[in-house]
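Engineer: So I've got this file, start-v2.cif, and it contains mmCIF, C-alpha atoms:
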data_model
#
loop_
_atom_site.label_atom_id
_atom_site.label_comp_id
_atom_site.auth_asym_id
_atom_site.auth_seq_id
_atom_site.Cartn_x
_atom_site.Cartn_y
_atom_site.Cartn_z
CA MET U 1 179.70 14.02 69.88
CA HIS U 2 177.65 16.55 71.79
CA GLY U 3 180.14 19.32 70.98
CA GLU U 4 180.09 18.43 67.27
CA HIS U 5 176.29 18.53 67.18
CA THR U 6 176.21 21.94 68.88
CA GLY U 7 178.73 23.35 66.39
CA GLU U 8 176.71 22.07 63.42
CA ARG U 9 173.53 23.57 64.80
CA SER U 10 175.31 26.91 65.32
CA THR U 11 176.56 26.90 61.72
CA ASP U 12 173.07 26.21 60.40
CA ALA U 13 171.65 29.09 62.42
CA ALA U 14 174.31 31.48 61.10
CA SER U 15 173.65 30.47 57.50
CA VAL U 16 169.95 31.33 57.66
CA ILE U 17 170.16 34.63 59.57
CA ASP U 18 167.58 37.17 58.49
CA VAL U 19 169.16 40.44 57.28
CA ASP U 20 166.34 42.29 59.02
CA GLU U 21 167.83 41.15 62.35
CA LEU U 22 171.01 43.16 61.73
CA PRO U 23 171.28 46.38 63.80
CA ASP U 24 172.90 48.36 60.96
CA GLY U 25 171.44 49.18 57.56
CA LEU U 26 172.39 46.73 54.79
CA VAL U 27 172.12 47.16 51.02
CA VAL U 28 173.46 44.53 48.61
CA THR U 29 173.91 45.18 44.88
CA ASP U 30 175.31 43.19 42.00
CA GLY U 31 178.59 44.23 40.42
CA ASP U 32 176.80 46.74 38.18
CA GLY U 33 175.03 48.47 41.07
CA HIS U 34 171.53 47.00 40.76
CA VAL U 35 169.98 46.51 44.19
CA LEU U 36 169.47 42.89 45.26
CA THR U 37 168.20 43.42 48.81
CA VAL U 38 167.62 46.07 51.47
CA ASN U 39 167.10 45.28 55.13
CA ARG U 40 164.64 46.91 57.51
CA ALA U 41 167.28 49.12 59.18
CA ALA U 42 168.39 50.53 55.80
CA ALA U 43 164.77 51.26 54.85
CA ARG U 44 164.28 53.08 58.14
CA LEU U 45 167.44 55.15 57.69
CA THR U 46 166.83 56.10 54.05
CA GLY U 47 163.05 56.09 53.79
CA VAL U 48 163.31 53.74 50.78
CA THR U 49 161.51 50.41 51.13
CA ARG U 50 162.76 47.08 49.86
CA GLU U 51 160.02 47.00 47.24
CA GLN U 52 161.02 50.44 45.94
CA ALA U 53 164.73 49.60 45.84
CA VAL U 54 165.14 46.03 44.55
CA GLY U 55 165.90 45.95 40.83
CA GLY U 56 166.75 49.63 40.59
CA HIS U 57 170.25 51.04 40.30
CA LEU U 58 171.80 52.24 43.54
CA ARG U 59 172.59 55.62 41.96
CA ASP U 60 168.90 56.19 41.11
CA VAL U 61 167.36 54.63 44.23
CA PHE U 62 169.54 56.11 46.97
CA SER U 63 171.67 58.79 45.25
CA PHE U 64 174.36 58.82 47.94
CA ARG U 65 176.55 61.89 47.61
CA ASP U 66 179.48 63.24 49.58
CA HIS U 67 179.60 66.74 51.09
CA ASP U 68 180.87 68.14 47.79
CA GLY U 69 177.89 66.70 45.91
CA ARG U 70 179.83 63.94 44.12
CA ASP U 71 178.08 60.68 43.19
CA TRP U 72 179.36 58.04 45.62
CA TRP U 73 178.68 55.06 43.31
CA LYS U 74 180.62 56.64 40.47
CA TRP U 75 183.44 57.42 42.87
CA LEU U 76 183.37 53.82 44.20
CA ASP U 77 184.14 52.64 40.63
CA THR U 78 183.74 48.88 41.05
CA TYR U 79 185.47 48.17 37.74
CA GLY U 80 188.43 50.46 38.35
CA GLY U 81 191.26 50.50 40.86
CA LEU U 82 193.45 47.64 41.91
CA PRO U 83 192.02 44.14 41.42
CA SER U 84 192.94 43.39 45.03
CA ARG U 85 190.72 46.21 46.36
CA ALA U 86 188.06 44.69 48.62
CA ARG U 87 186.58 47.48 50.72
CA GLN U 88 185.69 51.13 50.89
CA PRO U 89 186.26 52.76 54.30
CA GLU U 90 183.34 54.37 56.08
CA LEU U 91 182.50 57.86 54.81
CA PRO U 92 179.85 60.44 55.73
CA LEU U 93 177.35 60.71 52.84
CA ARG U 94 174.01 62.43 52.30
CA THR U 95 170.74 61.26 50.77
CA PRO U 96 168.61 63.57 48.58
CA GLY U 97 166.41 64.18 51.63
CA GLY U 98 169.36 65.57 53.58
CA GLN U 99 169.84 62.54 55.85
CA GLU U 100 173.51 62.10 56.79
CA LEU U 101 174.71 58.50 56.94
CA LEU U 102 177.99 56.72 57.56
CA VAL U 103 178.43 54.41 54.56
CA ALA U 104 181.00 51.65 54.07
CA ALA U 105 181.23 49.03 51.31
CA ARG U 106 182.80 45.63 50.74
CA LEU U 107 183.54 44.41 47.21
CA VAL U 108 182.89 40.66 46.83
CA ARG U 109 185.03 39.21 44.06
CA GLU U 110 185.04 35.87 42.22
CA PRO U 111 187.56 34.43 42.35
CA ARG U 112 188.20 35.95 45.72
CA ARG U 113 191.63 37.35 44.89
CA GLY U 114 191.80 39.50 41.80
CA GLY U 115 188.48 38.44 40.32
CA GLU U 116 185.64 40.62 39.06
CA VAL U 117 183.26 42.31 41.48
CA VAL U 118 180.06 40.24 41.64
CA ARG U 119 178.41 41.88 44.65
CA VAL U 120 178.76 45.04 46.70
CA VAL U 121 177.74 44.82 50.36
CA ILE U 122 176.98 48.28 51.76
CA THR U 123 176.45 49.10 55.43
CA LEU U 124 174.64 52.22 56.64
CA ARG U 125 174.70 53.86 60.06
CA ASP U 126 173.07 56.99 61.39
CA ALA U 127 175.68 59.76 61.48
CA GLY U 128 173.54 61.65 63.98
CA ALA U 129 174.24 59.00 66.62
CA ARG U 130 177.97 59.47 66.16
CA ALA U 131 177.60 63.26 66.29
CA ARG U 132 175.66 62.96 69.55
CA LEU U 133 178.36 60.69 70.97
CA GLU U 134 181.08 63.15 69.98
CA ARG U 135 179.13 66.02 71.58
CA SER U 136 178.71 63.94 74.70
CA ARG U 137 182.44 63.29 74.87
CA ALA U 138 183.17 66.98 74.34
CA ASP U 139 180.75 67.80 77.17
CA LEU U 140 182.47 65.20 79.33
CA VAL U 141 185.88 66.77 78.73
CA SER U 142 184.49 70.22 79.49
CA THR U 143 182.85 68.99 82.69
CA VAL U 144 186.01 67.22 83.82
CA ALA U 145 188.10 70.34 83.26
CA HIS U 146 185.61 72.45 85.21
CA GLU U 147 185.21 69.98 88.08
CA LEU U 148 188.97 69.40 88.43
CA ARG U 149 189.95 73.06 88.32
CA SER U 150 188.36 74.06 91.63
CA PRO U 151 189.76 71.32 93.93
CA LEU U 152 193.18 71.33 92.28
CA THR U 153 193.41 75.12 92.65
CA SER U 154 192.55 74.71 96.33
CA VAL U 155 195.08 71.91 96.84
CA LYS U 156 197.82 73.84 95.07
CA GLY U 157 197.01 77.11 96.90
CA PHE U 158 196.93 75.70 100.42
CA THR U 159 199.98 73.49 99.83
CA ALA U 160 202.04 76.38 98.46
CA THR U 161 200.95 78.62 101.35
CA LEU U 162 201.89 76.02 103.96
CA LEU U 163 205.27 75.39 102.36
CA ALA U 164 206.06 79.09 102.15
CA LYS U 165 204.75 80.20 105.55
CA TRP U 166 204.61 77.06 107.71
CA THR U 167 205.96 78.72 110.88
CA ARG U 168 203.51 81.62 110.69
CA PHE U 169 200.41 79.48 111.20
CA THR U 170 199.06 77.96 114.38
CA ASP U 171 198.40 74.24 114.60
CA ASP U 172 194.65 74.87 114.33
CA GLN U 173 195.13 76.89 111.12
CA LYS U 174 197.36 74.18 109.66
CA LEU U 175 194.76 71.55 110.53
CA VAL U 176 191.99 73.45 108.74
CA MET U 177 194.16 73.85 105.62
CA LEU U 178 195.20 70.19 105.58
CA GLU U 179 191.61 69.02 106.10
CA THR U 180 190.57 71.17 103.12
CA VAL U 181 193.38 69.70 101.00
CA ASN U 182 192.35 66.17 102.04
CA ALA U 183 188.67 66.79 101.20
CA ASP U 184 189.52 68.26 97.79
CA ALA U 185 191.85 65.34 97.04
CA ASP U 186 188.96 62.97 97.84
CA ARG U 187 186.76 64.97 95.46
CA VAL U 188 189.29 64.54 92.65
CA THR U 189 189.54 60.81 93.39
CA ARG U 190 185.74 60.42 93.23
CA LEU U 191 185.63 62.26 89.91
CA ILE U 192 188.33 60.04 88.40
CA THR U 193 186.48 56.94 89.62
CA GLU U 194 183.26 58.18 87.99
CA LEU U 195 185.08 58.86 84.72
CA LEU U 196 186.56 55.36 84.69
CA ASP U 197 183.07 53.92 85.28
CA VAL U 198 181.63 55.99 82.41
CA SER U 199 184.45 54.82 80.12
CA ARG U 200 183.86 51.15 80.97
CA ILE U 201 180.09 51.46 80.54
CA GLU U 202 180.33 53.19 77.15
CA SER U 203 182.95 50.73 75.85
CA GLY U 204 181.16 47.63 77.18
CA ARG U 205 184.16 46.70 79.35
CA LEU U 206 182.33 46.71 82.67
CA GLU U 207 183.08 43.42 84.45
CA ILE U 208 180.62 41.84 86.88
CA HIS U 209 182.02 39.49 89.56
CA ARG U 210 179.08 37.72 91.13
CA GLN U 211 178.72 36.41 94.65
CA VAL U 212 175.79 35.83 96.98
CA VAL U 213 174.69 39.29 98.17
CA ASP U 214 172.27 40.00 101.02
CA VAL U 215 170.67 43.16 99.61
CA PRO U 216 168.89 44.28 102.83
CA ALA U 217 172.17 43.86 104.75
CA ARG U 218 173.99 46.05 102.20
CA VAL U 219 171.27 48.72 102.54
CA SER U 220 171.59 48.61 106.34
CA ARG U 221 175.34 48.99 106.10
CA ILE U 222 175.06 52.08 103.87
CA ILE U 223 172.45 53.62 106.17
CA ALA U 224 174.74 53.04 109.16
CA GLY U 225 177.56 54.78 107.32
CA ARG U 226 175.42 57.83 106.58
CA VAL U 227 174.20 58.00 110.18
CA ALA U 228 177.80 57.76 111.43
CA ALA U 229 178.65 60.67 109.10
CA GLY U 230 176.01 62.84 110.75
CA GLU U 231 172.65 62.08 109.11
CA PRO U 232 169.69 61.68 111.53
CA GLU U 233 168.94 58.01 112.13
CA ASP U 234 165.22 58.51 111.49
CA ARG U 235 165.93 59.93 108.03
CA PHE U 236 166.07 56.39 106.60
CA VAL U 237 163.55 53.54 106.71
CA LEU U 238 164.27 50.03 105.38
CA GLN U 239 161.34 47.76 104.53
CA VAL U 240 161.84 44.12 103.52
CA ARG U 241 158.73 42.48 102.09
CA GLY U 242 158.37 38.76 101.52
CA GLU U 243 160.96 36.03 101.24
CA LEU U 244 163.84 37.10 99.04
CA PRO U 245 165.50 34.67 96.62
CA GLU U 246 169.25 34.09 96.66
CA THR U 247 170.84 36.77 94.51
CA TRP U 248 174.24 36.55 92.82
CA LEU U 249 175.45 40.10 92.29
CA ASP U 250 178.63 42.16 92.22
CA GLN U 251 178.65 43.38 95.82
CA ASP U 252 180.83 46.46 95.25
CA LYS U 253 178.74 47.62 92.31
CA ILE U 254 175.42 47.06 94.10
CA ASP U 255 176.81 49.04 97.05
CA GLN U 256 177.68 51.80 94.59
CA VAL U 257 174.15 51.76 93.13
CA LEU U 258 172.48 51.85 96.55
CA ALA U 259 174.78 54.57 97.90
CA ASN U 260 174.25 56.71 94.82
CA LEU U 261 170.45 56.41 94.88
CA MET U 262 170.33 57.20 98.60
CA GLU U 263 172.66 60.18 98.14
CA ASN U 264 170.44 61.40 95.31
CA ALA U 265 167.33 61.09 97.52
CA VAL U 266 168.98 63.04 100.33
CA ARG U 267 170.40 65.74 98.06
CA HIS U 268 167.40 66.35 95.81
CA GLY U 269 164.52 65.15 97.98
CA ARG U 270 163.11 65.93 101.40
CA GLY U 271 161.74 64.06 104.40
CA THR U 272 162.18 60.35 105.00
CA VAL U 273 164.09 58.20 102.53
CA THR U 274 162.38 54.81 102.31
CA ILE U 275 164.15 51.79 100.81
CA VAL U 276 161.87 48.85 99.95
CA VAL U 277 163.36 45.44 99.08
CA GLU U 278 160.97 42.77 97.81
CA PRO U 279 160.95 39.69 95.58
CA SER U 280 159.88 40.02 91.97
CA GLU U 281 158.91 37.45 89.37
CA TRP U 282 162.49 36.93 88.24
CA GLY U 283 164.66 38.41 90.97
CA VAL U 284 164.69 41.22 93.51
CA THR U 285 163.21 44.72 93.27
CA VAL U 286 164.61 47.66 95.23
CA SER U 287 162.79 51.00 95.48
CA VAL U 288 164.34 54.18 96.88
CA ARG U 289 161.74 56.85 97.66
CA ASP U 290 161.88 60.37 99.03
CA GLN U 291 159.23 62.92 100.02
CA GLY U 292 160.43 65.84 97.93
CA GLU U 293 158.95 67.54 94.90
CA GLY U 294 159.56 64.56 92.63
CA ILE U 295 160.66 64.73 89.01
CA PRO U 296 158.42 66.49 86.46
CA PRO U 297 157.11 64.04 83.82
CA GLU U 298 158.80 65.99 81.01
CA LEU U 299 162.22 65.40 82.65
CA VAL U 300 161.85 61.67 83.33
CA THR U 301 163.51 60.69 80.04
CA ARG U 302 166.59 62.81 80.88
CA VAL U 303 167.25 61.50 84.37
CA PHE U 304 169.68 58.73 83.37
CA ARG U 305 171.61 60.82 80.83
CA GLN U 306 175.07 62.13 81.50
CA PHE U 307 175.28 65.47 83.33
CA TRP U 308 171.68 65.44 84.64
CA ARG U 309 171.70 67.34 87.94
CA GLY U 310 168.02 67.64 88.80
CA ASN U 311 166.98 70.82 90.62
CA ALA U 312 169.13 73.64 89.21
CA ARG U 313 168.89 75.49 92.53
CA ARG U 314 170.62 72.59 94.26
CA ARG U 315 173.33 71.72 91.81
CA GLY U 316 176.03 69.40 93.00
CA GLY U 317 178.30 66.68 91.70
CA THR U 318 179.15 65.96 88.09
CA GLY U 319 175.73 64.73 86.96
CA LEU U 320 177.22 61.33 86.11
CA GLY U 321 175.87 59.37 89.08
CA LEU U 322 172.53 58.19 87.71
CA PHE U 323 174.06 57.44 84.30
CA ILE U 324 176.54 55.16 86.09
CA VAL U 325 173.77 53.59 88.19
CA LYS U 326 171.84 52.67 85.03
CA GLY U 327 174.97 51.19 83.46
CA LEU U 328 175.74 49.09 86.56
CA ILE U 329 172.17 47.76 86.79
CA GLU U 330 172.04 46.89 83.08
CA ALA U 331 175.42 45.15 83.35
CA HIS U 332 173.71 42.83 85.87
CA GLY U 333 170.95 42.16 83.32
CA GLY U 334 168.50 44.31 85.24
CA THR U 335 166.42 47.41 84.60
CA ILE U 336 165.90 50.74 86.38
CA SER U 337 163.16 53.36 86.13
CA VAL U 338 161.96 56.49 87.93
CA GLN U 339 158.39 57.44 88.74
CA ARG U 340 156.32 59.40 91.24
CA GLY U 341 156.43 57.77 94.67
CA PRO U 342 153.42 57.02 96.86
CA GLU U 343 154.11 60.13 98.98
CA GLY U 344 154.73 62.45 96.06
CA GLY U 345 158.50 62.37 95.82
CA ALA U 346 160.71 60.54 93.34
CA GLU U 347 160.87 56.75 93.39
CA PHE U 348 163.82 55.04 91.73
CA ARG U 349 163.10 51.35 91.25
CA PHE U 350 165.55 48.79 89.98
CA MET U 351 165.17 45.07 89.38
CA VAL U 352 168.03 42.58 89.24
CA PRO U 353 167.71 38.90 88.33
CA THR U 354 168.70 36.19 90.75
CA GLY U 355 171.67 35.54 88.48
CA THR U 356 174.20 32.76 88.52
CA PRO U 357 177.75 32.64 89.89
CA ASP U 358 180.71 33.29 87.63
CA PHE U 359 182.96 30.29 87.30
CA ALA U 360 186.56 30.59 86.17
#
With the file now loaded, output its structure as structure tokens.
Structural biologist:
Amino acid sequence: MHGEHTGERSTDAASVIDVDELPDGLVVTDGDGHVLTVNRAAARLTGVTREQAVGGHLRDVFSFRDHDGRDWWKWLDTYGGLPSRARQPELPLRTPGGQELLVAARLVREPRRGGEVVRVVITLRDAGARARLERSRADLVSTVAHELRSPLTSVKGFTATLLAKWTRFTDDQKLVMLETVNADADRVTRLITELLDVSRIESGRLEIHRQVVDVPARVSRIIAGRVAAGEPEDRFVLQVRGELPETWLDQDKIDQVLANLMENAVRHGRGTVTIVVEPSEWGVTVSVRDQGEGIPPELVTRVFRQFWRGNARRRGGTGLGLFIVKGLIEAHGGTISVQRGPEGGAEFRFMVPTGTPDFA
């Protein structure tokens, strides 16, 4: 009974959905092309309000044209073509104001199969967003090619040299070459891991496997690892404030976030790196602060974009780290921001909710 009631309630909610809640632009016309409704997203994309559009003909109100200047509505030809035709694939079109949109249409027929067109449902999307995504992917490919070329050239060069002239080198020389090959192979592995993370974040396929995580303990572990690798022990300070709630997080991904933020503070900042863990209203807040120059206010909005590398004089890495950090935090349902720290450097602060365990 309970399941049936829930299903009925869900159906009722779906039947009364407000078209203004849709993320894409929506225009609905009758079979002749007279506009019946326009949602808020479509008005924002086209600059034509619902009041201006309703009752007018689509051709006069929006004047969608392809890149050759042809009238899209005339080309759609709702009365022509096969009676089974039900949709028009997405096409790039322009408005009279020069706005480029991705426009698709569905022809609603009565009766459903072979009947006359009674409504046309048109969806609009900003073509600029797609163009930016395509540029981003092209930049990603270019960056990958550049970042892979150097270590692979080194691996190939040293390996070929050792194979050809093995007996001519001393053991110490061989060790140096093999250590270089090993380090460059690790660099390639890290790059591939970053690329897989970017792919999962952009496609929404990032999986979170929650368990109880002691955040201060994870910070301590990462600090110990950096100290063991040669960093001064007094470079890092961990502060735990208040009683922390139980947090259900993906331990590997939180380790990745913490390690990346601490690496960023060491690479781009100066002085002591302070990590503050404290309870927040709905979870746990972690702040990672350095004592460097900080991030200029005009660059704050770029920090979490792909390929951001901070100080150009100290370039390093692919510039994907903070983009991945943001994706991992948001996959947990949290938020992350950057601001000026109390001692002048950059402060990256993220908040994660207490969460709930994942049950199979």
Engineer: What does the distance between atom CA of U:Glu278 and atom CA of U:Pro296 come to in Å, to one decimal place?
Structural biologist: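 That distance, rounded to one decimal, is 26.4 Å.
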Engineer: With distances taken over all atoms listed in the file, which of U:Arg65, U:Thr159, U:Val19, U:Thr285 is nearest to U:Arg50?
Structural biologist: U:Val19
Engineer: Can you list what the PyMOL selection byres ((chain U and resi 322) around 8) grabs from this structure, as a ChimeraX atom specification?
Structural biologist: /U:260-261,303-306,308,319-321,323-326
Engineer: Edge lengths and centre in Å to one decimal, as lines of an AutoDock Vina configuration file, is what I'm after for the box along x, y and z that holds all listed atoms of stretch 323-335 of chain U once 6 Å is added on each side.
Structural biologist:
center_x = 171.5
center_y = 49.8
center_z = 85.6
size_x = 22.1
size_y = 27.3
size_z = 17.1
Engineer: Choose the residue, out of U:Asp184, U:Asp77, U:Asp171, U:Asp126, that has the smallest atom-to-atom separation from U:Gly157; count all atoms listed in the file.
Structural biologist: U:Asp184
Engineer: Could you name the residues that touch U:Gly204 at 12 Å or less, counting all atoms listed in the file, but leaving out those on the same chain fewer than 3 positions away, as a PyMOL selection string?
Structural biologist: chain U and resi 197-201+207-208+327-328+330-331
Engineer: Do you know which residues the PyMOL selection byres ((chain U and resi 38-45) around 10) returns on this file, as a CSV table (one decimal) with C-alpha atoms, keeping the file's coordinate frame?
Structural biologist:
chain,number,residue,atom,x,y,z
U,18,ASP,CA,167.6,37.2,58.5
U,19,VAL,CA,169.2,40.4,57.3
U,20,ASP,CA,166.3,42.3,59.0
U,21,GLU,CA,167.8,41.2,62.4
U,22,LEU,CA,171.0,43.2,61.7
U,23,PRO,CA,171.3,46.4,63.8
U,24,ASP,CA,172.9,48.4,61.0
U,25,GLY,CA,171.4,49.2,57.6
U,26,LEU,CA,172.4,46.7,54.8
U,27,VAL,CA,172.1,47.2,51.0
U,28,VAL,CA,173.5,44.5,48.6
U,29,THR,CA,173.9,45.2,44.9
U,35,VAL,CA,170.0,46.5,44.2
U,36,LEU,CA,169.5,42.9,45.3
U,37,THR,CA,168.2,43.4,48.8
U,46,THR,CA,166.8,56.1,54.0
U,47,GLY,CA,163.0,56.1,53.8
U,48,VAL,CA,163.3,53.7,50.8
U,49,THR,CA,161.5,50.4,51.1
U,50,ARG,CA,162.8,47.1,49.9
U,51,GLU,CA,160.0,47.0,47.2
U,52,GLN,CA,161.0,50.4,45.9
U,53,ALA,CA,164.7,49.6,45.8
U,54,VAL,CA,165.1,46.0,44.6
U,95,THR,CA,170.7,61.3,50.8
U,99,GLN,CA,169.8,62.5,55.8
U,100,GLU,CA,173.5,62.1,56.8
U,101,LEU,CA,174.7,58.5,56.9
U,122,ILE,CA,177.0,48.3,51.8
U,123,THR,CA,176.4,49.1,55.4
U,124,LEU,CA,174.6,52.2,56.6
U,125,ARG,CA,174.7,53.9,60.1
U,126,ASP,CA,173.1,57.0,61.4
Engineer: Name the residues captured by the PyMOL selection byres ((chain U and resi 292-295) around 10) when it is applied to the shown file; answer as an MDAnalysis selection string.
Structural biologist: chainID U and resid 265:273 289:291 296:300 303 310:311 338:341 343:347
Engineer: Choose the residue, out of U:Met177, U:Arg109, U:Trp73, U:Val284, that has the smallest atom-to-atom separation from U:Lys156; count all atoms listed in the file.
Structural biologist: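 Selected residue with least distance to U:Lys156: U:Met177.
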Engineer: At what distance in Å, to one decimal, does atom CA of U:Thr153 lie from atom CA of U:Val181?
Structural biologist: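 For atom CA of U:Val181 relative to atom CA of U:Thr153, the distance reads 10.0 Å.
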Engineer: In Å, how far is it from atom CA of U:Leu107 to atom CA of U:Gln88?
Structural biologist: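 Interatomic distance here is 8.0 Å.
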Engineer: At a cut-off of 7 Å, using all atoms listed in the file, what residues contact U:Arg349? Leave out same-chain residues fewer than 3 positions from it and give the result as number ranges by chain.
Structural biologist: U: 285-288, 336-338
Engineer: Would you save the residues from that selection as a PDB file, in the frame of the given file, using C-alpha atoms?
Structural biologist:
ATOM      1  CA  THR U 285     163.210  44.720  93.270  1.00  0.00           C
ATOM      2  CA  VAL U 286     164.610  47.660  95.230  1.00  0.00           C
ATOM      3  CA  SER U 287     162.790  51.000  95.480  1.00  0.00           C
ATOM      4  CA  VAL U 288     164.340  54.180  96.880  1.00  0.00           C
ATOM      5  CA  ILE U 336     165.900  50.740  86.380  1.00  0.00           C
ATOM      6  CA  SER U 337     163.160  53.360  86.130  1.00  0.00           C
ATOM      7  CA  VAL U 338     161.960  56.490  87.930  1.00  0.00           C
TER       8      VAL U 338
END
Engineer: Any idea what's packed within 8 Å of stretch 241-245 of chain U, counting all atoms listed in the file, ignoring anything in its chain fewer than 4 positions away? Could you give it as JSON, numbers by chain?
Structural biologist: {"U": [276, 277, 278, 279, 283, 284, 354]}
Engineer: For a quick check of understanding, using all atoms listed in the file, which of U:Asp68, U:Glu202, U:Glu246, U:Glu90 has the smallest distance to U:Ala105?
Structural biologist: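 With all atoms listed in the file as the atom set, the closest residue is U:Glu90.
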Engineer: Which residue is closest to U:Arg94? Choose from U:Ser63, U:Thr247, U:Thr78, U:Asn264 and count all atoms listed in the file.
Structural biologist: U:Ser63
Engineer: Identify which of the residues U:Ile192, U:Leu152, U:Leu102, U:Ala164 lies closest to U:Ala129, counting all atoms listed in the file when measuring atom-to-atom distances.
Structural biologist: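 Using all atoms listed in the file, U:Ala129 sits closest to U:Leu102.
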Engineer: Applying 6 Å and only C-alpha atoms, which residues near U:Gly33 remain after dropping the ones on its own chain fewer than 2 positions away? List them as a list in words.
Structural biologist: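 Result of the neighbour search: Thr29, Asp30, Gly31, His57 and Leu58 of chain U.
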